[in-house]
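Engineer: I am attaching a structure below and will ask some questions about it afterwards.
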Amino acid sequence: MNPYAPELYRIKKTVFESDDFTLKSFLLEPIDGNMMDFIPGQFCEISVFGKGEAPFGIASAPHEKEGLLFTVNRVGLVTGALHEMEEGHIVGIRGPLGNGYPVDEFKGKNVVIIGGGFAFTTLRSLTLYLLENRKDYGKITVIYGARRPGLLLYKEDLANWEKRGDIELHLTVDTEFPEWDKHVGFVPQVLEKVAPSPENAYAVVCGPPVMIKFTLPVLAKLGFEKDKVYTSLERRMKCGIGKCGRCNIGPYYVCKDGPVFSLAQLEKLPKEY
């Protein structure tokens, strides 16, 4: 197979996730009918023909066979062109690319999932995977925040998780909002307040760099070891196959060796990540 040649996918459904219309989800179905296999945490390159391609984390879970879900933040040429596309339009997909979250390593363990804003895409995939295979995992705790309620992604999923008795969900926004009756404060503050136990547990962190920067010390304070904390360097994704060299950090190509790394691995790398 030519690693540069995308497969054709049709836009099956679109929905705006945020109240400012900058975050839009696309459900894509393969024209040839063959859904790809992937692991939560992997990503794909989406091509808008005539405009270019860009990398996006897969937001759907492997068992969701109706299509691949991607959530796109409108920030540039390719993402702007994607936002203008409608149901029935054709895009290209290269993937799955990179590694994913170590779901086999998580088996029998408690899992703490910590997300912020737009970066909850692959964490949705991971959470749904854990719930689909619920008997294989211990306690599942999800802490997710955004600047305001209208920027929280996947509101239907969040509502469903709140109703379940086998997952602990903590939602937060930065400041008080009318009719908001959940946590108020930044994600690291809520994490410290919830204080999940590090005993027999792993933590997965995805969010804006500043959120991650202040979340990692809280995890250390709670007692999480560096090899039990995972994050994703999705922001460094470029070509996806280790050819352009733009994602290189030390001995690693993030697109091939990542984007998922443990904190123990990252501690050994130059701080350019």
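Note on naming: chains are A, B, ... as they come in the structure tokens, residues start from 1 per chain, ligands start from 1 in the order shown.
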Could you list, as a list in words, every residue within 7 Å of range 43-51 of chain A, counting only C-alpha atoms and ignoring same-chain residues fewer than 4 positions away?
Structural biologist: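 Here the answer would be Pro55, Phe56, Gly57, Ile58, Val78, Leu82, Val91, Gly92, Ile93, Arg94, Gly95, Pro96, Leu97 and Gly98 of chain A.
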Engineer: Show which residues sit within 9 Å of range 227-230 of chain A, as a list in words. Count only C-alpha atoms, and ignore same-chain residues fewer than 2 positions away.
Structural biologist: Tyr101, Pro102, Pro198, Ala201, Tyr202, Ala203, Val204, Val205, Cys206, Leu216, Leu219, Phe224, Glu225, Ser232, Val260, Phe261, Ser262, Leu263, Ala264 and Gln265 of chain A
Engineer: Determine, counting only C-alpha atoms, which protein, DNA and RNA residues have an atom within 10 Å of an atom of Ile90 in chain A; residues of the same chain fewer than 6 positions away are not included. Present the result as a PyMOL selection string.
Structural biologist: chain A and resi 8-12+28-31+47-49
Engineer: Could you give me, as a ChimeraX atom specification, each residue of range 44-253 of chain A that DSSP assigns to strand (DSSP E or B) when run on this structure's backbone?
Structural biologist: /A:44-48,52-57,68-73,90-97,110-116,140-146,168-173,183-184,201-206,229-232,248-249,252-253
Engineer: Excluding same-chain residues fewer than 2 positions from Arg235 in chain A, what lies within 12 Å of it counting only C-alpha atoms, as a list in words?
Structural biologist: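 That gives Phe43, Ala54, Pro55, Phe56, Gly57, Phe118, Ala119, Cys206, Gly207, Pro208, Pro209, Thr231, Ser232, Leu233, Met237, Lys238, Gly240, Arg246, Cys247, Val254, Cys255, Gly258, Pro259, Val260 and Tyr273 of chain A.
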Engineer: To one decimal place in Å, what is the distance between CA of Val72 in chain A and CA of Lys24 in chain A?
Structural biologist: 5.3 Å
